[in-house]
Amino acid sequence: MSTSTETTVDLSRPEVHLHIGSERLSEGSAGSFEHVNPATGTVDKVIPLAGPAEVERAVNAAAAAFESWKRTAPAERARLLHRLADLIEENAGEFGRRGAMDNGTPLGTVASLTGKSIAWTRYYAGWADKITAEVTSTLTADGELGYTLRQPYGVIGIIITWNGPLISLAMKIPPAVAAGNTVVVKPSELTPFSAELFADLVEQAGFPPGVINILPGDAASGAALVEHPAVKKISFTGGPVTASKILTACAPTMKPVVLELGGKSANILFEDADLTAACGFGTIMSVGAMSGQGCAFPTRMLVQESIYDQVLAMVEAIAEQIVVGDPFAEGTFAGPVVNRAALERIQDVIAKAKADGARLVTGGGPLQLPGELAGGFFLQPTVFADVDPASELAQHEVFGPVLAITPFRDEAHALEIANSTRYGLSGYVHTQDLKRGLRVAEELVTGEVLINGAANLPVNRPFGGLGLSGLGKEGGRAGIEEFLFTKGIGIA
Ligand code: NAD
């Protein structure tokens, strides 16, 4: 592993506002939050937090806007979303800076996520005027005709996490508003800067006030949004503990929810795999990219016994070449983890894995960088081998740069281990035998399976898991259908 520390980027932090209707407020009734730069460990900005009063105002603004937005010509909704996509593209460089400021993701990684965000926004712009319903019966013997309407819910409450502050907005807001809903969005308080720019661009694009409201806020603001009676559906990305609280809060009124949660996704390497490609993908995508802070990352590598030692040697070499350092510096591949709490939590996971008998292959501790970065939340890319599939490391999401490697005997054994957690977000398989790849894809109990390093989050393929990984879909036609309900009409 090497480190990088040089940067020439403008590091001034932008002001953050509450965006309600046509208003931009500099203060919120829940006080303020000290945003900490994860690369230095120092406070870099104080941001306002929305309280229940501002949630109330934002929901009212969204409810008022819904009355005309639901009747706005679909082609006009599409035009505004296309304009927004163009503006995101024009501001891609600034989104890179904002993303790195938000959570320490390196500029190169943010650039790729910004590209995906543009694609998601354009894709759902395209859907706005292509939503159709169906005739459910032709004239029947008793003379009744049936058909369906596909209608927006009204105000959608959107709550997102901090690891992809722009892509999470782009996966939820465009389909929701393309379908004719209006939204109140609560980004994570840990990542306010990308959301602020997104809100500015919504205004520049010319969306009517109240269609998209963005409120920086904390857990309490999120809870107030969930409980608001005028919010008709919740779309959430975050952890299962919060998701469970949201489900409980929604239960009394049967408020529907989409939950995009975490994972402990298995990456199965068979002995006939292209090992250079499979080890590169499996290592970079678990202990390199976003410092392991990705919900769908392949965090358990299951390796056939005959290639086990060879794979361990390859993974070790790749992990040790990952450049960890200043997110603003050219050449950095992995930045810090998001905050001190995450740093400490991940170190505890590493200590527990050692105590449970896993063999440390590389990494295993914090990374001390020089100068300003000395206080940053940096970790070594960490790989464990001989991980017991029943151990905590194999069963629980780490959300940090820690890979668990376990050997398996044959296909049935690999599937047994892969399907042994309570999560079900993604599955990965590497083999030259296409029939085996397809067979394993069918047997994995996950929302998606990627064979031989296929890309994650293409906009036209539904994404979303089972079990502790959540409920509902984002992406493709399924993603917009989450924001439409079906009404059946009968004519006598
Ligand atoms: P979290 O659940 O703590 O927080 C997520 C959001 O919920 C934040 O905005 C937070 O302020 C808000 N929140 C907290 N308590 C709330 C409550 N009671 N009511 C309403 N809102 C509340 O999650 P986190 O630690 O920020 O994120 C990490 C998790 O997100 C991981 O499990 C990761 O796998 C998951 N994730 C999933 C996806 C996906 O698409 N499946 C994508 C990214 C991250």
# chains A, B, ... in the order shown; residues from 1 in each chain; ligands from 1
call {"tool": "residues_near_ligand", "arguments": {"ligand": "ligand 1", "cutoff": "8 Å", "atoms": "only C-alpha atoms and all ligand atoms", "output": "NGL selection string"}}
result
:A and (159-164 or 168 or 186-189 or 217-226 or 236-243 or 245-246 or 259-263 or 293-296 or 397 or 399 or 425 or 463-465 or 469-470)
call {"tool": "residues_around", "arguments": {"residues": "Gln151 in chain A", "least_positions_apart": "6", "cutoff": "8 Å", "atoms": "only C-alpha atoms", "output": "ChimeraX atom specification"}}
result
/A:179-180,484-487
call {"tool": "write_last_selection", "arguments": {"atoms": "N, CA, C and O atoms", "output": "short mmCIF file (atom, residue, chain, number, x, y, z; two decimals), in the first residue's frame"}}
result
data_model
loop_
_atom_site.label_atom_id
_atom_site.label_comp_id
_atom_site.auth_asym_id
_atom_site.auth_seq_id
_atom_site.Cartn_x
_atom_site.Cartn_y
_atom_site.Cartn_z
N ALA A 179 -42.72 10.57 -12.13
CA ALA A 179 -44.03 9.91 -11.97
C ALA A 179 -45.11 10.89 -11.52
O ALA A 179 -46.28 10.49 -11.40
N GLY A 180 -44.74 12.14 -11.21
CA GLY A 180 -45.74 13.13 -10.83
C GLY A 180 -45.85 13.38 -9.33
O GLY A 180 -46.74 14.10 -8.88
N LEU A 484 -45.53 4.88 -8.25
CA LEU A 484 -46.87 4.94 -8.85
C LEU A 484 -47.75 3.90 -8.18
O LEU A 484 -47.29 2.78 -7.93
N PHE A 485 -48.99 4.24 -7.88
CA PHE A 485 -49.88 3.17 -7.44
C PHE A 485 -50.93 2.92 -8.53
O PHE A 485 -51.22 3.77 -9.36
N THR A 486 -51.44 1.72 -8.51
CA THR A 486 -52.36 1.29 -9.56
C THR A 486 -53.79 1.38 -9.06
O THR A 486 -54.11 0.87 -7.98
N LYS A 487 -54.62 2.06 -9.81
CA LYS A 487 -56.04 2.13 -9.48
C LYS A 487 -56.81 1.39 -10.57
O LYS A 487 -56.58 1.62 -11.76
#
call {"tool": "atom_distance", "arguments": {"atom1": "CA of Phe408 in chain A", "atom2": "CA of Pro462 in chain A"}}
result
29.8 Å
call {"tool": "residues_around", "arguments": {"residues": "range 22-36 of chain A", "least_positions_apart": "3", "cutoff": "9 Å", "atoms": "only C-alpha atoms", "output": "ChimeraX atom specification"}}
result
/A:15-19,39-54,102-103,189-192,203,208-210,213,216-218,220-221,339
call {"tool": "select_by_dssp", "arguments": {"residues": "range 143-306 of chain A", "states": "alpha helix (DSSP H)", "output": "JSON, numbers by chain"}}
result
{"A": [167, 168, 169, 170, 171, 172, 173, 174, 175, 176, 177, 178, 193, 194, 195, 196, 197, 198, 199, 200, 201, 202, 203, 204, 205, 219, 220, 221, 222, 223, 224, 225, 226, 227, 240, 241, 242, 243, 244, 245, 246, 247, 248, 249, 250, 275, 276, 277, 278, 279, 280, 281, 282, 283]}
call {"tool": "closest_residue", "arguments": {"among": "A:Leu438, A:Phe95, A:Val287, A:Arg150", "to": "Gly335 in chain A", "atoms": "only C-alpha atoms"}}
result
A:Val287
call {"tool": "select_by_dssp", "arguments": {"residues": "range 24-267 of chain A", "states": "strand (DSSP E)", "output": "short mmCIF file (atom, residue, chain, number, x, y, z; two decimals) with all heavy atoms, in the first residue's frame"}}
result
data_model
loop_
_atom_site.label_atom_id
_atom_site.label_comp_id
_atom_site.auth_asym_id
_atom_site.auth_seq_id
_atom_site.Cartn_x
_atom_site.Cartn_y
_atom_site.Cartn_z
N ARG A 24 -34.68 29.83 0.74
CA ARG A 24 -33.39 29.25 1.14
C ARG A 24 -33.10 29.77 2.53
O ARG A 24 -32.80 30.95 2.71
CB ARG A 24 -32.28 29.74 0.22
CG ARG A 24 -32.29 29.19 -1.17
CD ARG A 24 -31.50 30.09 -2.10
NE ARG A 24 -30.09 30.15 -1.71
CZ ARG A 24 -29.15 29.38 -2.25
NH1 ARG A 24 -29.46 28.52 -3.17
NH2 ARG A 24 -27.90 29.48 -1.87
N LEU A 25 -33.18 28.90 3.53
CA LEU A 25 -33.00 29.33 4.91
C LEU A 25 -31.59 28.98 5.39
O LEU A 25 -31.10 27.88 5.13
CB LEU A 25 -34.02 28.65 5.83
CG LEU A 25 -35.49 28.72 5.41
CD1 LEU A 25 -36.37 27.96 6.40
CD2 LEU A 25 -35.93 30.17 5.30
N SER A 32 -27.58 23.33 14.88
CA SER A 32 -26.57 23.16 13.84
C SER A 32 -25.73 21.92 14.09
O SER A 32 -25.80 21.30 15.16
CB SER A 32 -25.68 24.40 13.80
OG SER A 32 -25.09 24.59 15.07
N PHE A 33 -24.95 21.57 13.08
CA PHE A 33 -24.11 20.37 13.13
C PHE A 33 -22.71 20.75 12.66
O PHE A 33 -22.56 21.46 11.67
CB PHE A 33 -24.72 19.30 12.22
CG PHE A 33 -23.89 18.06 12.09
CD1 PHE A 33 -23.86 17.12 13.11
CD2 PHE A 33 -23.12 17.84 10.95
CE1 PHE A 33 -23.08 15.97 12.99
CE2 PHE A 33 -22.35 16.69 10.83
CZ PHE A 33 -22.32 15.76 11.85
N GLU A 34 -21.72 20.29 13.39
CA GLU A 34 -20.34 20.58 12.99
C GLU A 34 -19.86 19.49 12.04
O GLU A 34 -19.66 18.34 12.46
CB GLU A 34 -19.44 20.64 14.23
CG GLU A 34 -19.75 21.83 15.12
CD GLU A 34 -18.75 21.98 16.25
OE1 GLU A 34 -18.14 20.95 16.64
OE2 GLU A 34 -18.57 23.11 16.72
N HIS A 35 -19.73 19.86 10.77
CA HIS A 35 -19.24 18.88 9.80
C HIS A 35 -17.73 18.75 9.95
O HIS A 35 -17.00 19.73 10.01
CB HIS A 35 -19.57 19.34 8.37
CG HIS A 35 -19.11 18.36 7.33
ND1 HIS A 35 -17.86 18.42 6.74
CD2 HIS A 35 -19.72 17.28 6.81
CE1 HIS A 35 -17.74 17.41 5.89
NE2 HIS A 35 -18.86 16.71 5.91
N VAL A 36 -17.27 17.49 10.02
CA VAL A 36 -15.84 17.22 10.21
C VAL A 36 -15.25 16.71 8.90
O VAL A 36 -15.83 15.82 8.25
CB VAL A 36 -15.64 16.18 11.34
CG1 VAL A 36 -14.17 15.74 11.41
CG2 VAL A 36 -16.10 16.76 12.67
N ASN A 37 -14.12 17.28 8.52
CA ASN A 37 -13.40 16.81 7.34
C ASN A 37 -12.76 15.46 7.68
O ASN A 37 -11.85 15.40 8.51
CB ASN A 37 -12.33 17.84 6.98
CG ASN A 37 -11.47 17.40 5.81
OD1 ASN A 37 -11.62 16.28 5.31
ND2 ASN A 37 -10.57 18.28 5.38
N THR A 42 -10.78 17.58 11.47
CA THR A 42 -11.12 18.88 12.04
C THR A 42 -12.46 19.39 11.48
O THR A 42 -12.83 19.06 10.35
CB THR A 42 -10.03 19.93 11.72
OG1 THR A 42 -9.84 19.92 10.31
CG2 THR A 42 -8.73 19.59 12.42
N VAL A 43 -13.14 20.22 12.29
CA VAL A 43 -14.41 20.79 11.85
C VAL A 43 -14.14 21.74 10.68
O VAL A 43 -13.26 22.60 10.77
CB VAL A 43 -15.09 21.56 13.01
CG1 VAL A 43 -16.34 22.29 12.51
CG2 VAL A 43 -15.44 20.61 14.15
N ASP A 44 -14.88 21.56 9.57
CA ASP A 44 -14.65 22.46 8.42
C ASP A 44 -15.86 23.33 8.12
O ASP A 44 -15.74 24.28 7.33
CB ASP A 44 -14.21 21.68 7.18
CG ASP A 44 -15.19 20.60 6.75
OD1 ASP A 44 -16.29 20.52 7.35
OD2 ASP A 44 -14.87 19.83 5.83
N LYS A 45 -17.01 23.03 8.71
CA LYS A 45 -18.19 23.87 8.44
C LYS A 45 -19.27 23.57 9.48
O LYS A 45 -19.41 22.42 9.91
CB LYS A 45 -18.74 23.53 7.04
CG LYS A 45 -19.72 24.54 6.51
CD LYS A 45 -19.03 25.79 6.01
CE LYS A 45 -19.99 26.88 5.62
NZ LYS A 45 -19.26 28.13 5.30
N VAL A 46 -20.00 24.61 9.84
CA VAL A 46 -21.16 24.39 10.70
C VAL A 46 -22.39 24.51 9.81
O VAL A 46 -22.55 25.51 9.10
CB VAL A 46 -21.20 25.43 11.83
CG1 VAL A 46 -22.45 25.27 12.68
CG2 VAL A 46 -19.94 25.31 12.68
N ILE A 47 -23.23 23.49 9.81
CA ILE A 47 -24.39 23.50 8.91
C ILE A 47 -25.69 23.55 9.71
O ILE A 47 -25.76 23.04 10.84
CB ILE A 47 -24.40 22.27 7.97
CG1 ILE A 47 -24.50 20.96 8.78
CG2 ILE A 47 -23.18 22.24 7.08
CD1 ILE A 47 -25.13 19.83 8.01
N PRO A 48 -26.74 24.18 9.15
CA PRO A 48 -28.01 24.24 9.86
C PRO A 48 -28.75 22.90 9.79
O PRO A 48 -28.58 22.15 8.83
CB PRO A 48 -28.80 25.31 9.09
CG PRO A 48 -28.24 25.25 7.70
CD PRO A 48 -26.79 24.84 7.83
N VAL A 135 -55.70 -1.98 -20.20
CA VAL A 135 -57.11 -2.36 -20.22
C VAL A 135 -57.17 -3.77 -19.66
O VAL A 135 -56.45 -4.65 -20.12
CB VAL A 135 -57.68 -2.30 -21.65
CG1 VAL A 135 -59.12 -2.82 -21.68
CG2 VAL A 135 -57.62 -0.88 -22.18
N THR A 136 -57.97 -3.98 -18.62
CA THR A 136 -57.95 -5.28 -17.95
C THR A 136 -59.00 -6.24 -18.47
O THR A 136 -58.98 -7.41 -18.16
CB THR A 136 -58.15 -5.09 -16.43
OG1 THR A 136 -59.37 -4.37 -16.24
CG2 THR A 136 -57.02 -4.29 -15.83
N SER A 137 -59.95 -5.74 -19.21
CA SER A 137 -60.92 -6.65 -19.82
C SER A 137 -61.50 -5.96 -21.06
O SER A 137 -61.59 -4.74 -21.10
CB SER A 137 -62.05 -6.96 -18.85
OG SER A 137 -62.66 -5.75 -18.44
N LEU A 145 -66.39 -2.92 -18.73
CA LEU A 145 -65.03 -2.70 -19.22
C LEU A 145 -64.15 -2.34 -18.02
O LEU A 145 -64.59 -1.63 -17.11
CB LEU A 145 -65.06 -1.53 -20.22
CG LEU A 145 -63.73 -1.12 -20.86
CD1 LEU A 145 -63.20 -2.22 -21.77
CD2 LEU A 145 -63.91 0.18 -21.63
N GLY A 146 -62.92 -2.84 -17.98
CA GLY A 146 -62.02 -2.49 -16.88
C GLY A 146 -60.71 -1.93 -17.40
O GLY A 146 -60.24 -2.33 -18.47
N TYR A 147 -60.15 -0.99 -16.67
CA TYR A 147 -58.82 -0.49 -17.03
C TYR A 147 -58.13 0.01 -15.76
O TYR A 147 -58.75 0.09 -14.69
CB TYR A 147 -58.90 0.61 -18.10
CG TYR A 147 -59.54 1.91 -17.66
CD1 TYR A 147 -58.75 2.99 -17.25
CD2 TYR A 147 -60.93 2.06 -17.65
CE1 TYR A 147 -59.34 4.18 -16.86
CE2 TYR A 147 -61.52 3.25 -17.26
CZ TYR A 147 -60.72 4.31 -16.86
OH TYR A 147 -61.29 5.48 -16.46
N THR A 148 -56.83 0.30 -15.88
CA THR A 148 -56.10 0.80 -14.71
C THR A 148 -55.59 2.21 -14.96
O THR A 148 -55.37 2.62 -16.10
CB THR A 148 -54.89 -0.10 -14.37
OG1 THR A 148 -53.98 -0.09 -15.47
CG2 THR A 148 -55.31 -1.52 -14.07
N LEU A 149 -55.40 2.93 -13.86
CA LEU A 149 -54.69 4.21 -13.87
C LEU A 149 -53.41 4.01 -13.07
O LEU A 149 -53.41 3.27 -12.09
CB LEU A 149 -55.53 5.31 -13.21
CG LEU A 149 -56.80 5.74 -13.91
CD1 LEU A 149 -57.51 6.80 -13.08
CD2 LEU A 149 -56.49 6.29 -15.31
N ARG A 150 -52.33 4.65 -13.50
CA ARG A 150 -51.08 4.63 -12.74
C ARG A 150 -50.89 6.04 -12.19
O ARG A 150 -50.65 6.97 -12.96
CB ARG A 150 -49.91 4.23 -13.65
CG ARG A 150 -50.11 2.90 -14.34
CD ARG A 150 -49.90 1.74 -13.39
NE ARG A 150 -48.50 1.47 -13.19
CZ ARG A 150 -47.97 1.04 -12.05
NH1 ARG A 150 -48.73 0.86 -11.01
NH2 ARG A 150 -46.69 0.78 -11.94
N GLN A 151 -51.04 6.20 -10.88
CA GLN A 151 -51.08 7.55 -10.32
C GLN A 151 -49.97 7.80 -9.31
O GLN A 151 -49.55 6.87 -8.61
CB GLN A 151 -52.43 7.75 -9.64
CG GLN A 151 -53.59 7.71 -10.63
CD GLN A 151 -54.91 8.07 -9.97
OE1 GLN A 151 -55.32 7.43 -9.01
NE2 GLN A 151 -55.55 9.08 -10.48
N PRO A 152 -49.51 9.04 -9.23
CA PRO A 152 -48.50 9.35 -8.21
C PRO A 152 -49.13 9.30 -6.82
O PRO A 152 -50.34 9.46 -6.67
CB PRO A 152 -48.08 10.78 -8.57
CG PRO A 152 -49.22 11.35 -9.35
CD PRO A 152 -49.88 10.20 -10.06
N VAL A 155 -46.86 13.38 -1.79
CA VAL A 155 -45.54 13.78 -1.25
C VAL A 155 -44.77 12.52 -0.85
O VAL A 155 -45.26 11.69 -0.08
CB VAL A 155 -45.69 14.70 -0.02
CG1 VAL A 155 -44.31 15.10 0.51
CG2 VAL A 155 -46.52 15.93 -0.36
N ILE A 156 -43.56 12.41 -1.39
CA ILE A 156 -42.67 11.29 -1.03
C ILE A 156 -41.60 11.83 -0.07
O ILE A 156 -40.99 12.87 -0.35
CB ILE A 156 -41.96 10.72 -2.28
CG1 ILE A 156 -42.97 10.34 -3.37
CG2 ILE A 156 -41.06 9.54 -1.90
CD1 ILE A 156 -43.81 9.12 -3.11
N GLY A 157 -41.37 11.13 1.02
CA GLY A 157 -40.27 11.47 1.94
C GLY A 157 -39.05 10.65 1.54
O GLY A 157 -39.12 9.42 1.48
N ILE A 158 -37.97 11.34 1.22
CA ILE A 158 -36.74 10.66 0.78
C ILE A 158 -35.66 10.88 1.83
O ILE A 158 -35.34 12.02 2.19
CB ILE A 158 -36.30 11.20 -0.59
CG1 ILE A 158 -37.31 10.77 -1.67
CG2 ILE A 158 -34.89 10.72 -0.94
CD1 ILE A 158 -37.00 11.27 -3.07
N ILE A 159 -35.12 9.78 2.34
CA ILE A 159 -34.07 9.87 3.37
C ILE A 159 -32.88 9.06 2.87
O ILE A 159 -33.03 7.89 2.51
CB ILE A 159 -34.58 9.30 4.71
CG1 ILE A 159 -35.78 10.13 5.18
CG2 ILE A 159 -33.48 9.28 5.76
CD1 ILE A 159 -36.54 9.51 6.33
N THR A 182 -44.24 14.88 -5.65
CA THR A 182 -43.32 15.90 -5.18
C THR A 182 -42.55 15.30 -4.00
O THR A 182 -42.97 14.29 -3.42
CB THR A 182 -44.06 17.18 -4.77
OG1 THR A 182 -45.06 16.85 -3.79
CG2 THR A 182 -44.74 17.82 -5.97
N VAL A 183 -41.40 15.90 -3.66
CA VAL A 183 -40.53 15.25 -2.67
C VAL A 183 -40.01 16.21 -1.61
O VAL A 183 -39.79 17.40 -1.87
CB VAL A 183 -39.33 14.56 -3.36
CG1 VAL A 183 -39.79 13.46 -4.32
CG2 VAL A 183 -38.43 15.55 -4.10
N VAL A 184 -39.83 15.66 -0.41
CA VAL A 184 -39.05 16.32 0.64
C VAL A 184 -37.88 15.38 0.92
O VAL A 184 -38.09 14.21 1.25
CB VAL A 184 -39.87 16.56 1.91
CG1 VAL A 184 -39.00 17.20 2.99
CG2 VAL A 184 -41.08 17.44 1.60
N VAL A 185 -36.69 15.91 0.76
CA VAL A 185 -35.48 15.07 0.81
C VAL A 185 -34.65 15.43 2.03
O VAL A 185 -34.37 16.61 2.27
CB VAL A 185 -34.63 15.29 -0.46
CG1 VAL A 185 -33.44 14.35 -0.47
CG2 VAL A 185 -35.47 15.13 -1.72
N LYS A 186 -34.25 14.42 2.80
CA LYS A 186 -33.34 14.67 3.92
C LYS A 186 -32.04 13.91 3.68
O LYS A 186 -31.96 12.71 3.88
CB LYS A 186 -33.95 14.22 5.25
CG LYS A 186 -33.14 14.78 6.41
CD LYS A 186 -33.20 13.96 7.66
CE LYS A 186 -32.29 12.80 7.70
NZ LYS A 186 -30.84 13.10 7.66
N ILE A 212 -39.35 19.92 -5.42
CA ILE A 212 -38.20 19.23 -4.81
C ILE A 212 -37.69 20.11 -3.66
O ILE A 212 -37.16 21.21 -3.89
CB ILE A 212 -37.07 19.01 -5.85
CG1 ILE A 212 -37.58 18.13 -7.01
CG2 ILE A 212 -35.84 18.38 -5.18
CD1 ILE A 212 -36.61 18.00 -8.18
N ASN A 213 -37.89 19.66 -2.44
CA ASN A 213 -37.45 20.40 -1.25
C ASN A 213 -36.32 19.60 -0.59
O ASN A 213 -36.44 18.38 -0.45
CB ASN A 213 -38.61 20.53 -0.26
CG ASN A 213 -39.83 21.14 -0.92
OD1 ASN A 213 -39.96 22.35 -1.02
ND2 ASN A 213 -40.74 20.29 -1.41
N ILE A 214 -35.25 20.30 -0.22
CA ILE A 214 -34.09 19.58 0.34
C ILE A 214 -33.73 20.19 1.69
O ILE A 214 -33.44 21.39 1.79
CB ILE A 214 -32.91 19.60 -0.64
CG1 ILE A 214 -33.34 18.89 -1.95
CG2 ILE A 214 -31.68 18.93 -0.03
CD1 ILE A 214 -32.27 18.65 -2.97
N VAL A 231 -47.10 12.89 4.26
CA VAL A 231 -46.10 12.17 3.46
C VAL A 231 -46.68 10.79 3.16
O VAL A 231 -47.00 10.03 4.06
CB VAL A 231 -44.75 12.06 4.21
CG1 VAL A 231 -43.78 11.16 3.47
CG2 VAL A 231 -44.15 13.45 4.40
N LYS A 232 -46.82 10.47 1.87
CA LYS A 232 -47.59 9.29 1.49
C LYS A 232 -46.75 8.05 1.26
O LYS A 232 -47.27 6.93 1.19
CB LYS A 232 -48.40 9.59 0.21
CG LYS A 232 -49.38 10.74 0.38
CD LYS A 232 -50.36 10.47 1.52
CE LYS A 232 -51.36 11.60 1.69
NZ LYS A 232 -52.12 11.47 2.94
N LYS A 233 -45.45 8.24 1.07
CA LYS A 233 -44.58 7.06 0.90
C LYS A 233 -43.16 7.48 1.30
O LYS A 233 -42.78 8.64 1.12
CB LYS A 233 -44.61 6.55 -0.55
CG LYS A 233 -43.79 5.29 -0.76
CD LYS A 233 -44.14 4.54 -2.04
CE LYS A 233 -43.32 3.24 -2.12
NZ LYS A 233 -43.74 2.36 -3.22
N ILE A 234 -42.38 6.51 1.82
CA ILE A 234 -41.00 6.79 2.21
C ILE A 234 -40.06 5.98 1.30
O ILE A 234 -40.29 4.79 1.07
CB ILE A 234 -40.74 6.37 3.68
CG1 ILE A 234 -41.61 7.19 4.64
CG2 ILE A 234 -39.27 6.50 4.03
CD1 ILE A 234 -41.31 8.68 4.67
N SER A 235 -39.03 6.65 0.81
CA SER A 235 -37.96 5.95 0.10
C SER A 235 -36.68 6.20 0.88
O SER A 235 -36.24 7.35 1.03
CB SER A 235 -37.85 6.48 -1.34
OG SER A 235 -36.80 5.80 -1.99
N PHE A 236 -36.09 5.13 1.39
CA PHE A 236 -34.99 5.25 2.35
C PHE A 236 -33.77 4.48 1.89
O PHE A 236 -33.88 3.35 1.40
CB PHE A 236 -35.46 4.69 3.70
CG PHE A 236 -34.37 4.53 4.73
CD1 PHE A 236 -33.88 5.63 5.43
CD2 PHE A 236 -33.83 3.28 5.00
CE1 PHE A 236 -32.88 5.48 6.38
CE2 PHE A 236 -32.84 3.12 5.96
CZ PHE A 236 -32.36 4.23 6.65
N THR A 237 -32.60 5.06 2.06
CA THR A 237 -31.34 4.32 1.91
C THR A 237 -30.54 4.51 3.18
O THR A 237 -30.29 5.64 3.61
CB THR A 237 -30.52 4.84 0.71
OG1 THR A 237 -31.30 4.64 -0.48
CG2 THR A 237 -29.22 4.08 0.56
N VAL A 257 -43.22 1.79 2.00
CA VAL A 257 -41.79 2.15 2.07
C VAL A 257 -40.99 1.40 1.01
O VAL A 257 -41.33 0.29 0.63
CB VAL A 257 -41.18 1.80 3.45
CG1 VAL A 257 -41.76 2.64 4.56
CG2 VAL A 257 -41.35 0.33 3.77
N VAL A 258 -39.93 2.04 0.58
CA VAL A 258 -38.87 1.37 -0.17
C VAL A 258 -37.64 1.47 0.71
O VAL A 258 -37.31 2.55 1.19
CB VAL A 258 -38.58 2.07 -1.53
CG1 VAL A 258 -37.38 1.43 -2.21
CG2 VAL A 258 -39.78 2.00 -2.44
N LEU A 259 -36.97 0.34 0.94
CA LEU A 259 -35.81 0.32 1.84
C LEU A 259 -34.60 -0.24 1.10
O LEU A 259 -34.60 -1.41 0.72
CB LEU A 259 -36.12 -0.54 3.07
CG LEU A 259 -37.36 -0.14 3.88
CD1 LEU A 259 -37.64 -1.19 4.96
CD2 LEU A 259 -37.18 1.24 4.52
N GLU A 260 -33.59 0.57 0.90
CA GLU A 260 -32.34 0.12 0.27
C GLU A 260 -31.28 0.07 1.36
O GLU A 260 -30.79 1.11 1.81
CB GLU A 260 -31.94 1.08 -0.86
CG GLU A 260 -32.90 1.12 -2.02
CD GLU A 260 -32.94 -0.20 -2.80
OE1 GLU A 260 -32.07 -1.06 -2.60
OE2 GLU A 260 -33.89 -0.37 -3.59
N ALA A 266 -21.52 -12.15 -1.22
CA ALA A 266 -20.52 -13.18 -1.49
C ALA A 266 -20.00 -13.04 -2.91
O ALA A 266 -20.76 -12.76 -3.84
CB ALA A 266 -21.13 -14.56 -1.29
N ASN A 267 -18.70 -13.28 -3.08
CA ASN A 267 -18.03 -13.24 -4.37
C ASN A 267 -17.36 -14.60 -4.55
O ASN A 267 -16.36 -14.89 -3.91
CB ASN A 267 -17.00 -12.11 -4.32
CG ASN A 267 -16.26 -11.93 -5.63
OD1 ASN A 267 -16.70 -12.40 -6.67
ND2 ASN A 267 -15.13 -11.25 -5.58
#
call {"tool": "residues_around", "arguments": {"residues": "Ser68 in chain A", "least_positions_apart": "2", "cutoff": "12 Å", "atoms": "only C-alpha atoms", "output": "number ranges by chain"}}
result
A: 61-66, 70-74, 77, 154, 180-182, 207-211
call {"tool": "closest_residue", "arguments": {"among": "A:Asp348, A:Gly292, A:Val445, A:Tyr428", "to": "Gln380 in chain A", "atoms": "only C-alpha atoms"}}
result
A:Gly292
call {"tool": "atom_distance", "arguments": {"atom1": "CA of Gly126 in chain A", "atom2": "CA of Glu90 in chain A"}}
result
19.5 Å
call {"tool": "residues_around", "arguments": {"residues": "range 345-347 of chain A", "least_positions_apart": "2", "cutoff": "12 Å", "atoms": "only C-alpha atoms", "output": "ChimeraX atom specification"}}
result
/A:291-293,337-343,349-354,363-367,377-382,393,396-403
call {"tool": "atom_distance", "arguments": {"atom1": "CA of Thr446 in chain A", "atom2": "CA of Lys473 in chain A"}}
result
12.4 Å
call {"tool": "closest_residue", "arguments": {"among": "A:Val303, A:Leu169, A:Ala128, A:Ala358", "to": "Lys116 in chain A", "atoms": "only C-alpha atoms"}}
result
A:Leu169
call {"tool": "decode", "arguments": {"residues": "range 168-173 of chain A", "atoms": "N, CA, C and O atoms", "output": "PDB file, in the first residue's frame"}}
result
ATOM      1  N   SER A 168     -27.209   8.816  -4.598  1.00  0.00           N
ATOM      2  CA  SER A 168     -28.427   8.455  -3.853  1.00  0.00           C
ATOM      3  C   SER A 168     -29.569   9.417  -4.182  1.00  0.00           C
ATOM      4  O   SER A 168     -30.727   9.000  -4.263  1.00  0.00           O
ATOM      5  N   LEU A 169     -29.250  10.701  -4.376  1.00  0.00           N
ATOM      6  CA  LEU A 169     -30.293  11.662  -4.782  1.00  0.00           C
ATOM      7  C   LEU A 169     -30.790  11.317  -6.180  1.00  0.00           C
ATOM      8  O   LEU A 169     -31.996  11.338  -6.456  1.00  0.00           O
ATOM      9  N   ALA A 170     -29.843  10.977  -7.075  1.00  0.00           N
ATOM     10  CA  ALA A 170     -30.195  10.737  -8.478  1.00  0.00           C
ATOM     11  C   ALA A 170     -30.962   9.427  -8.669  1.00  0.00           C
ATOM     12  O   ALA A 170     -31.674   9.262  -9.651  1.00  0.00           O
ATOM     13  N   MET A 171     -30.799   8.507  -7.731  1.00  0.00           N
ATOM     14  CA  MET A 171     -31.540   7.239  -7.856  1.00  0.00           C
ATOM     15  C   MET A 171     -32.982   7.382  -7.394  1.00  0.00           C
ATOM     16  O   MET A 171     -33.829   6.565  -7.736  1.00  0.00           O
ATOM     17  N   LYS A 172     -33.263   8.407  -6.589  1.00  0.00           N
ATOM     18  CA  LYS A 172     -34.608   8.524  -6.009  1.00  0.00           C
ATOM     19  C   LYS A 172     -35.422   9.696  -6.559  1.00  0.00           C
ATOM     20  O   LYS A 172     -36.603   9.543  -6.875  1.00  0.00           O
ATOM     21  N   ILE A 173     -34.808  10.885  -6.625  1.00  0.00           N
ATOM     22  CA  ILE A 173     -35.603  12.071  -6.973  1.00  0.00           C
ATOM     23  C   ILE A 173     -36.135  12.004  -8.414  1.00  0.00           C
ATOM     24  O   ILE A 173     -37.342  12.210  -8.636  1.00  0.00           O
TER      25      ILE A 173
END
